[in-house]
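Novice: Provided below: query19.cif, containing mmCIF, N, CA, C and O atoms.
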```cif
data_coords
loop_
_atom_site.label_atom_id
_atom_site.label_comp_id
_atom_site.auth_asym_id
_atom_site.auth_seq_id
_atom_site.Cartn_x
_atom_site.Cartn_y
_atom_site.Cartn_z
N MET A 1 25.05 22.48 89.00
CA MET A 1 25.63 23.81 89.20
C MET A 1 27.04 23.68 89.75
O MET A 1 27.32 22.87 90.62
N LYS A 2 27.92 24.48 89.25
CA LYS A 2 29.28 24.54 89.76
C LYS A 2 29.30 25.34 91.06
O LYS A 2 28.51 26.25 91.25
N SER A 3 30.23 25.01 91.92
CA SER A 3 30.42 25.75 93.15
C SER A 3 31.01 27.12 92.82
O SER A 3 31.90 27.23 91.97
N ALA A 4 30.54 28.15 93.50
CA ALA A 4 31.03 29.51 93.26
C ALA A 4 32.53 29.59 93.46
O ALA A 4 33.21 30.36 92.76
N ASN A 5 33.08 28.82 94.39
CA ASN A 5 34.51 28.94 94.67
C ASN A 5 35.42 28.35 93.60
O ASN A 5 36.63 28.41 93.70
N SER A 6 34.83 27.81 92.53
CA SER A 6 35.67 27.36 91.41
C SER A 6 35.91 28.48 90.40
O SER A 6 36.62 28.30 89.42
N PHE A 7 35.31 29.66 90.68
CA PHE A 7 35.45 30.82 89.80
C PHE A 7 36.13 31.96 90.53
O PHE A 7 36.18 31.99 91.76
N THR A 8 36.65 32.91 89.76
CA THR A 8 37.30 34.09 90.35
C THR A 8 36.93 35.33 89.55
O THR A 8 36.47 35.25 88.41
N ILE A 9 37.17 36.46 90.16
CA ILE A 9 37.05 37.76 89.53
C ILE A 9 38.48 38.31 89.42
O ILE A 9 39.24 38.28 90.39
N VAL A 10 38.83 38.80 88.25
CA VAL A 10 40.17 39.36 88.03
C VAL A 10 40.02 40.85 87.72
O VAL A 10 39.20 41.23 86.87
N LEU A 11 40.79 41.67 88.41
CA LEU A 11 40.80 43.11 88.18
C LEU A 11 42.09 43.51 87.46
O LEU A 11 43.18 43.10 87.87
N ILE A 12 41.92 44.28 86.40
CA ILE A 12 43.07 44.76 85.62
C ILE A 12 42.79 46.20 85.24
O ILE A 12 41.70 46.52 84.78
N THR A 13 43.77 47.08 85.42
CA THR A 13 43.63 48.44 84.92
C THR A 13 44.45 48.60 83.66
O THR A 13 45.53 48.02 83.53
N VAL A 14 43.90 49.38 82.73
CA VAL A 14 44.57 49.63 81.44
C VAL A 14 44.44 51.12 81.13
O VAL A 14 43.59 51.81 81.69
N PRO A 15 45.28 51.63 80.22
CA PRO A 15 45.30 53.07 79.99
C PRO A 15 44.11 53.62 79.20
O PRO A 15 43.81 54.81 79.31
N ASP A 16 43.43 52.75 78.43
CA ASP A 16 42.36 53.29 77.58
C ASP A 16 41.39 52.18 77.15
O ASP A 16 41.65 50.99 77.34
N LEU A 17 40.28 52.62 76.56
CA LEU A 17 39.23 51.69 76.15
C LEU A 17 39.70 50.76 75.03
O LEU A 17 39.35 49.58 75.01
N LYS A 18 40.50 51.26 74.12
CA LYS A 18 40.99 50.42 73.02
C LYS A 18 41.79 49.23 73.56
O LYS A 18 41.60 48.10 73.13
N THR A 19 42.67 49.49 74.52
CA THR A 19 43.46 48.42 75.13
C THR A 19 42.55 47.43 75.85
O THR A 19 42.72 46.21 75.73
N ALA A 20 41.58 47.94 76.60
CA ALA A 20 40.65 47.08 77.33
C ALA A 20 39.88 46.18 76.38
O ALA A 20 39.73 44.97 76.62
N ARG A 21 39.39 46.75 75.30
CA ARG A 21 38.63 45.96 74.32
C ARG A 21 39.52 44.90 73.66
O ARG A 21 39.08 43.76 73.44
N THR A 22 40.74 45.26 73.34
CA THR A 22 41.67 44.32 72.71
C THR A 22 41.97 43.15 73.65
O THR A 22 41.94 41.98 73.23
N LEU A 23 42.26 43.45 74.91
CA LEU A 23 42.55 42.39 75.88
C LEU A 23 41.33 41.51 76.15
O LEU A 23 41.44 40.29 76.24
N ALA A 24 40.16 42.14 76.28
CA ALA A 24 38.93 41.38 76.52
C ALA A 24 38.65 40.43 75.36
O ALA A 24 38.34 39.25 75.57
N LYS A 25 38.77 40.93 74.15
CA LYS A 25 38.51 40.11 72.97
C LYS A 25 39.49 38.94 72.88
O LYS A 25 39.09 37.80 72.59
N ALA A 26 40.76 39.19 73.17
CA ALA A 26 41.77 38.12 73.13
C ALA A 26 41.47 37.05 74.17
O ALA A 26 41.57 35.85 73.88
N ALA A 27 41.08 37.46 75.37
CA ALA A 27 40.77 36.49 76.44
C ALA A 27 39.51 35.70 76.11
O ALA A 27 39.43 34.50 76.39
N LEU A 28 38.52 36.36 75.51
CA LEU A 28 37.29 35.66 75.11
C LEU A 28 37.58 34.67 73.98
O LEU A 28 37.11 33.52 74.04
N LYS A 29 38.35 35.08 72.98
CA LYS A 29 38.68 34.18 71.87
C LYS A 29 39.46 32.96 72.35
O LYS A 29 39.29 31.86 71.82
N ALA A 30 40.31 33.15 73.36
CA ALA A 30 41.10 32.04 73.91
C ALA A 30 40.28 31.21 74.90
O ALA A 30 40.80 30.25 75.46
N GLU A 31 39.03 31.58 75.12
CA GLU A 31 38.12 30.91 76.05
C GLU A 31 38.68 30.86 77.47
O GLU A 31 38.55 29.87 78.18
N LEU A 32 39.32 31.96 77.87
CA LEU A 32 39.88 32.06 79.21
C LEU A 32 38.95 32.79 80.17
O LEU A 32 39.15 32.74 81.38
N ILE A 33 37.96 33.50 79.64
CA ILE A 33 36.99 34.22 80.47
C ILE A 33 35.60 34.01 79.89
O ILE A 33 35.44 33.70 78.71
N ALA A 34 34.60 34.20 80.74
CA ALA A 34 33.21 34.16 80.28
C ALA A 34 32.70 35.56 79.99
O ALA A 34 31.81 35.74 79.17
N CYS A 35 33.29 36.55 80.66
CA CYS A 35 32.76 37.91 80.58
C CYS A 35 33.83 38.91 80.99
O CYS A 35 34.65 38.64 81.86
N ALA A 36 33.78 40.07 80.33
CA ALA A 36 34.64 41.19 80.72
C ALA A 36 33.77 42.43 80.83
O ALA A 36 33.08 42.79 79.89
N ASN A 37 33.77 43.05 81.99
CA ASN A 37 33.11 44.34 82.18
C ASN A 37 34.19 45.41 82.13
O ASN A 37 35.25 45.25 82.75
N LEU A 38 33.92 46.48 81.41
CA LEU A 38 34.88 47.57 81.27
C LEU A 38 34.30 48.82 81.92
O LEU A 38 33.33 49.39 81.42
N ALA A 39 34.89 49.21 83.03
CA ALA A 39 34.44 50.40 83.77
C ALA A 39 35.27 51.59 83.29
O ALA A 39 36.47 51.67 83.55
N LEU A 40 34.62 52.49 82.60
CA LEU A 40 35.30 53.61 81.96
C LEU A 40 35.60 54.74 82.94
O LEU A 40 34.91 54.92 83.93
N LYS A 41 36.62 55.48 82.60
CA LYS A 41 36.95 56.74 83.25
C LYS A 41 37.13 56.65 84.77
O LYS A 41 36.59 57.45 85.52
N ILE A 42 37.88 55.66 85.21
CA ILE A 42 38.24 55.66 86.62
C ILE A 42 39.47 56.55 86.77
O ILE A 42 40.21 56.78 85.82
N GLU A 43 39.66 57.05 87.95
CA GLU A 43 40.82 57.89 88.24
C GLU A 43 41.68 57.15 89.26
O GLU A 43 41.21 56.85 90.36
N SER A 44 42.89 56.83 88.89
CA SER A 44 43.79 56.09 89.76
C SER A 44 44.83 57.02 90.36
O SER A 44 45.41 57.85 89.66
N HIS A 45 45.08 56.86 91.65
CA HIS A 45 46.12 57.60 92.38
C HIS A 45 47.01 56.55 93.02
O HIS A 45 46.52 55.64 93.70
N TYR A 46 48.32 56.66 92.83
CA TYR A 46 49.20 55.58 93.26
C TYR A 46 50.63 56.09 93.43
O TYR A 46 50.99 57.16 92.92
N LEU A 47 51.42 55.30 94.13
CA LEU A 47 52.85 55.56 94.25
C LEU A 47 53.57 54.81 93.14
O LEU A 47 53.35 53.62 92.93
N TRP A 48 54.43 55.52 92.40
CA TRP A 48 55.21 54.88 91.35
C TRP A 48 56.61 55.46 91.36
O TRP A 48 56.80 56.65 91.21
N GLN A 49 57.57 54.60 91.61
CA GLN A 49 58.98 54.97 91.66
C GLN A 49 59.21 56.15 92.59
O GLN A 49 59.91 57.11 92.27
N GLY A 50 58.59 56.08 93.78
CA GLY A 50 58.78 57.07 94.83
C GLY A 50 57.98 58.35 94.68
O GLY A 50 58.14 59.27 95.48
N LYS A 51 57.13 58.45 93.67
CA LYS A 51 56.35 59.66 93.45
C LYS A 51 54.86 59.35 93.46
O LYS A 51 54.43 58.26 93.06
N ILE A 52 54.08 60.31 93.89
CA ILE A 52 52.63 60.18 93.82
C ILE A 52 52.21 60.53 92.39
O ILE A 52 52.56 61.58 91.87
N GLU A 53 51.49 59.62 91.77
CA GLU A 53 51.03 59.78 90.39
C GLU A 53 49.51 59.66 90.34
O GLU A 53 48.89 59.13 91.26
N SER A 54 48.94 60.12 89.26
CA SER A 54 47.52 59.89 89.00
C SER A 54 47.31 59.78 87.50
O SER A 54 48.07 60.36 86.71
N SER A 55 46.30 59.02 87.12
CA SER A 55 46.01 58.87 85.70
C SER A 55 44.58 58.39 85.51
O SER A 55 43.99 57.79 86.41
N ALA A 56 44.05 58.66 84.34
CA ALA A 56 42.75 58.13 83.95
C ALA A 56 42.99 56.73 83.40
O ALA A 56 43.95 56.50 82.66
N GLU A 57 42.15 55.79 83.80
CA GLU A 57 42.30 54.41 83.35
C GLU A 57 40.93 53.79 83.12
O GLU A 57 39.90 54.36 83.46
N VAL A 58 40.95 52.60 82.56
CA VAL A 58 39.77 51.76 82.43
C VAL A 58 40.00 50.54 83.32
O VAL A 58 41.09 49.95 83.32
N LEU A 59 38.99 50.18 84.11
CA LEU A 59 39.08 48.99 84.96
C LEU A 59 38.39 47.83 84.27
O LEU A 59 37.22 47.93 83.89
N MET A 60 39.13 46.76 84.09
CA MET A 60 38.57 45.53 83.54
C MET A 60 38.20 44.60 84.69
O MET A 60 39.00 44.38 85.60
N ILE A 61 37.01 44.05 84.62
CA ILE A 61 36.53 43.09 85.62
C ILE A 61 36.22 41.82 84.85
O ILE A 61 35.27 41.78 84.06
N LEU A 62 37.05 40.81 85.04
CA LEU A 62 36.94 39.57 84.27
C LEU A 62 36.42 38.44 85.15
O LEU A 62 36.83 38.32 86.31
N LYS A 63 35.56 37.60 84.59
CA LYS A 63 35.05 36.43 85.31
C LYS A 63 35.62 35.18 84.65
O LYS A 63 35.50 35.00 83.44
N THR A 64 36.24 34.32 85.47
CA THR A 64 36.88 33.13 84.92
C THR A 64 36.89 32.00 85.94
O THR A 64 36.52 32.17 87.10
N ARG A 65 37.37 30.85 85.49
CA ARG A 65 37.60 29.70 86.38
C ARG A 65 38.99 29.85 87.02
O ARG A 65 39.91 30.36 86.39
N LYS A 66 39.12 29.32 88.21
CA LYS A 66 40.44 29.31 88.84
C LYS A 66 41.45 28.56 87.96
O LYS A 66 42.61 28.95 87.86
N SER A 67 40.99 27.52 87.30
CA SER A 67 41.89 26.70 86.48
C SER A 67 42.43 27.45 85.26
O SER A 67 43.38 27.00 84.64
N LYS A 68 41.84 28.59 84.92
CA LYS A 68 42.27 29.37 83.75
C LYS A 68 43.19 30.54 84.12
O LYS A 68 43.68 31.26 83.25
N LEU A 69 43.44 30.75 85.40
CA LEU A 69 44.18 31.93 85.85
C LEU A 69 45.60 32.02 85.30
O LEU A 69 46.02 33.09 84.88
N THR A 70 46.33 30.94 85.30
CA THR A 70 47.71 30.98 84.82
C THR A 70 47.76 31.38 83.35
O THR A 70 48.54 32.26 82.97
N ALA A 71 46.93 30.77 82.53
CA ALA A 71 46.90 31.09 81.10
C ALA A 71 46.40 32.52 80.87
O ALA A 71 46.92 33.24 80.01
N LEU A 72 45.41 32.94 81.65
CA LEU A 72 44.89 34.30 81.52
C LEU A 72 45.95 35.33 81.89
O LEU A 72 46.17 36.31 81.17
N GLU A 73 46.64 35.11 82.99
CA GLU A 73 47.69 36.04 83.39
C GLU A 73 48.79 36.12 82.33
O GLU A 73 49.27 37.20 81.99
N LYS A 74 49.17 34.99 81.78
CA LYS A 74 50.20 34.96 80.73
C LYS A 74 49.75 35.78 79.51
O LYS A 74 50.52 36.58 78.98
N LEU A 75 48.50 35.60 79.09
CA LEU A 75 47.97 36.35 77.95
C LEU A 75 47.96 37.86 78.23
O LEU A 75 48.42 38.66 77.41
N ILE A 76 47.47 38.23 79.41
CA ILE A 76 47.38 39.66 79.77
C ILE A 76 48.77 40.29 79.84
O ILE A 76 49.02 41.34 79.27
N LEU A 77 49.69 39.64 80.54
CA LEU A 77 51.04 40.21 80.70
C LEU A 77 51.77 40.34 79.36
O LEU A 77 52.52 41.30 79.15
N ALA A 78 51.53 39.41 78.45
CA ALA A 78 52.19 39.46 77.14
C ALA A 78 51.69 40.61 76.27
O ALA A 78 52.43 41.12 75.43
N ARG A 79 50.44 41.05 76.50
CA ARG A 79 49.83 42.06 75.62
C ARG A 79 49.59 43.40 76.30
O ARG A 79 49.16 44.34 75.64
N HIS A 80 49.82 43.48 77.58
CA HIS A 80 49.53 44.71 78.34
C HIS A 80 50.63 45.75 78.11
O HIS A 80 51.80 45.42 78.12
N PRO A 81 50.25 47.02 77.93
CA PRO A 81 51.27 48.04 77.66
C PRO A 81 52.07 48.51 78.88
O PRO A 81 53.12 49.13 78.72
N TYR A 82 51.61 48.23 80.10
CA TYR A 82 52.33 48.68 81.30
C TYR A 82 53.50 47.76 81.62
O TYR A 82 53.43 46.55 81.38
N ASN A 83 54.55 48.31 82.23
CA ASN A 83 55.66 47.50 82.72
C ASN A 83 55.24 46.61 83.88
O ASN A 83 55.74 45.50 84.04
N THR A 84 54.34 47.14 84.72
CA THR A 84 53.87 46.41 85.89
C THR A 84 52.35 46.46 85.92
O THR A 84 51.74 47.24 86.64
N PRO A 85 51.70 45.62 85.09
CA PRO A 85 50.24 45.67 85.05
C PRO A 85 49.60 45.10 86.31
O PRO A 85 50.14 44.19 86.94
N GLU A 86 48.46 45.69 86.63
CA GLU A 86 47.64 45.14 87.72
C GLU A 86 47.01 43.85 87.23
O GLU A 86 46.45 43.79 86.14
N PHE A 87 47.11 42.82 88.05
CA PHE A 87 46.42 41.55 87.80
C PHE A 87 46.09 41.01 89.19
O PHE A 87 46.92 40.35 89.81
N ILE A 88 44.92 41.36 89.68
CA ILE A 88 44.51 41.00 91.04
C ILE A 88 43.34 40.03 90.96
O ILE A 88 42.37 40.27 90.24
N VAL A 89 43.45 38.93 91.70
CA VAL A 89 42.45 37.88 91.67
C VAL A 89 41.67 37.89 92.99
O VAL A 89 42.25 37.86 94.07
N LEU A 90 40.34 37.94 92.85
CA LEU A 90 39.45 37.92 94.01
C LEU A 90 38.65 36.62 93.99
O LEU A 90 38.18 36.19 92.93
N PRO A 91 38.46 35.99 95.15
CA PRO A 91 37.67 34.77 95.18
C PRO A 91 36.18 35.08 94.98
O PRO A 91 35.70 36.14 95.39
N LEU A 92 35.48 34.17 94.37
CA LEU A 92 34.03 34.26 94.26
C LEU A 92 33.46 33.36 95.34
O LEU A 92 33.72 32.16 95.35
N ILE A 93 32.73 33.93 96.24
CA ILE A 93 32.23 33.20 97.40
C ILE A 93 30.85 32.61 97.15
O ILE A 93 30.56 31.49 97.53
N SER A 94 30.01 33.37 96.49
CA SER A 94 28.64 32.94 96.25
C SER A 94 28.12 33.64 95.02
O SER A 94 28.67 34.65 94.58
N GLY A 95 27.03 33.13 94.47
CA GLY A 95 26.42 33.77 93.32
C GLY A 95 25.10 33.13 92.95
O GLY A 95 24.77 32.02 93.41
N ASN A 96 24.37 33.80 92.09
CA ASN A 96 23.11 33.29 91.60
C ASN A 96 23.32 32.00 90.83
O ASN A 96 24.23 31.91 89.99
N LYS A 97 22.50 30.99 91.08
CA LYS A 97 22.66 29.67 90.46
C LYS A 97 22.68 29.77 88.94
O LYS A 97 23.54 29.17 88.29
N LYS A 98 21.75 30.49 88.35
CA LYS A 98 21.71 30.59 86.88
C LYS A 98 22.97 31.25 86.33
O LYS A 98 23.49 30.85 85.29
N TYR A 99 23.46 32.27 87.04
CA TYR A 99 24.67 32.94 86.58
C TYR A 99 25.88 32.02 86.69
O TYR A 99 26.70 31.94 85.77
N LEU A 100 25.98 31.29 87.79
CA LEU A 100 27.11 30.36 87.95
C LEU A 100 27.05 29.24 86.92
O LEU A 100 28.07 28.82 86.39
N ASP A 101 25.84 28.77 86.60
CA ASP A 101 25.69 27.76 85.56
C ASP A 101 26.15 28.32 84.21
O ASP A 101 26.81 27.64 83.43
N TRP A 102 25.79 29.58 83.94
CA TRP A 102 26.22 30.22 82.69
C TRP A 102 27.75 30.33 82.65
O TRP A 102 28.36 30.06 81.62
N LEU A 103 28.37 30.74 83.78
CA LEU A 103 29.83 30.79 83.82
C LEU A 103 30.43 29.43 83.49
O LEU A 103 31.35 29.33 82.67
N ALA A 104 29.89 28.39 84.12
CA ALA A 104 30.42 27.05 83.90
C ALA A 104 30.28 26.63 82.45
O ALA A 104 31.20 26.03 81.87
N ASP A 105 29.18 26.95 81.82
CA ASP A 105 28.95 26.60 80.42
C ASP A 105 29.79 27.43 79.45
O ASP A 105 30.08 26.99 78.34
N SER A 106 30.15 28.62 79.86
CA SER A 106 30.84 29.55 78.97
C SER A 106 32.35 29.36 78.90
O SER A 106 32.98 29.78 77.96
N ILE A 107 32.93 28.77 79.93
CA ILE A 107 34.37 28.59 79.98
C ILE A 107 34.68 27.10 79.98
O ILE A 107 34.32 26.40 80.92
N SER A 108 35.32 26.63 78.93
CA SER A 108 35.60 25.19 78.81
C SER A 108 36.57 24.71 79.86
O SER A 108 37.28 25.44 80.47
#
```
Could you write out this file's structure as structure tokens?
Specialist:
Amino acid sequence: MKSANSFTIVLITVPDLKTARTLAKAALKAELIACANLALKIESHYLWQGKIESSAEVLMILKTRKSKLTALEKLILARHPYNTPEFIVLPLISGNKKYLDWLADSIS
């Protein structure tokens, strides 16, 4: 079993489901992630260029190895429609052994 701390969770917001599916498929084809969860219809409120904004978005939750982060970020930034896309990396501290084994087997 791989140690949980060799994996990460990446959060990315996108404007719509089509974009989320396109990015998820590209990352999966490039073998940069094992899984992408797409959380539909989130409502984001944020400061942008000095103004309070809000928008409907899709939240992408990606599972990957730490060693794949640089390539994954490059892929996402190259294809993302936002000028300043969210790309936030969270450490994975612990997890179910079978799931962690699956992650390890799924990402080369």
Novice: Pick out each residue of chain A that DSSP on the backbone tags as strand (DSSP E); I need them as JSON, numbers by chain.
Specialist: {"A": [7, 8, 9, 10, 11, 12, 13, 14, 35, 36, 37, 38, 39, 40, 41, 42, 43, 44, 45, 46, 47, 48, 51, 52, 53, 54, 55, 56, 57, 58, 59, 60, 61, 62, 63, 64, 65, 88, 89, 90, 91]}
Novice: Determine the nearest neighbour of A:Val58 from the options A:Cys35, A:Lys41, A:Lys18, A:Lys74, counting only C-alpha atoms.
Specialist: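 Smallest separation from A:Val58 among the options: A:Lys41.
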Novice: Could you find all residues in stretch 2-73 of chain A that DSSP calls alpha helix (DSSP H) from the backbone, and write them as a list in words?
Specialist: Leu17, Lys18, Thr19, Ala20, Arg21, Thr22, Leu23, Ala24, Lys25, Ala26, Ala27, Leu28, Lys29, Leu69, Thr70, Ala71, Leu72 and Glu73 of chain A
Novice: Please expand the PyMOL selection byres ((chain A and resi 88-92) around 7) into the concrete residues it hits in this file, giving the result as a list in words.
Specialist: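 Selected by the PyMOL selection byres ((chain A and resi 88-92) around 7) in this file: Ser3, Ala4, Asn5, Ser6, Phe7, Thr8, Ile9, Val10, Leu11, Ile12, Pro85, Glu86, Phe87, Ile93, Ser94 and Gly95 of chain A.
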Novice: Taking 2 positions as the minimum chain separation for residues in the same chain, which residues sit within 12 Å of A:Ala71 when counting only C-alpha atoms? Answer as a list in words.
Specialist: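 Here the answer would be Ala26, Ala27, Ala30, Glu31, Leu32, Ile33, Thr64, Arg65, Lys66, Ser67, Lys68, Leu69, Glu73, Lys74, Leu75, Ile76, Leu77 and Ala78 of chain A.
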Novice: As JSON, please: the centre and edge lengths in Å, to one decimal, of an axis-aligned box enclosing every listed atom of stretch 24-28 of chain A with 3 Å added on each side.
Specialist:
```
{"center_x": 39.4, "center_y": 37.8, "center_z": 74.6, "size_x": 10.7, "size_y": 14.6, "size_z": 9.9}
```
Novice: I'd like to know which of A:Ile107, A:Val14, A:Leu38, A:Leu100 is closest to A:Leu62, using only N, CA, C and O atoms.
Specialist: A:Leu38
Novice: Could you work out how far atom CA of A:Leu103 lies from atom CA of A:Glu57, giving the answer in Å with one decimal?
Specialist: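 Those two atoms sit 26.7 Å apart.
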Novice: Give me, please, the distance in Å between atom CA of A:Thr70 and atom C of A:Ile42, quoted to one decimal.
Specialist: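 According to the coordinates, atom CA of A:Thr70 and atom C of A:Ile42 are separated by 26.9 Å.
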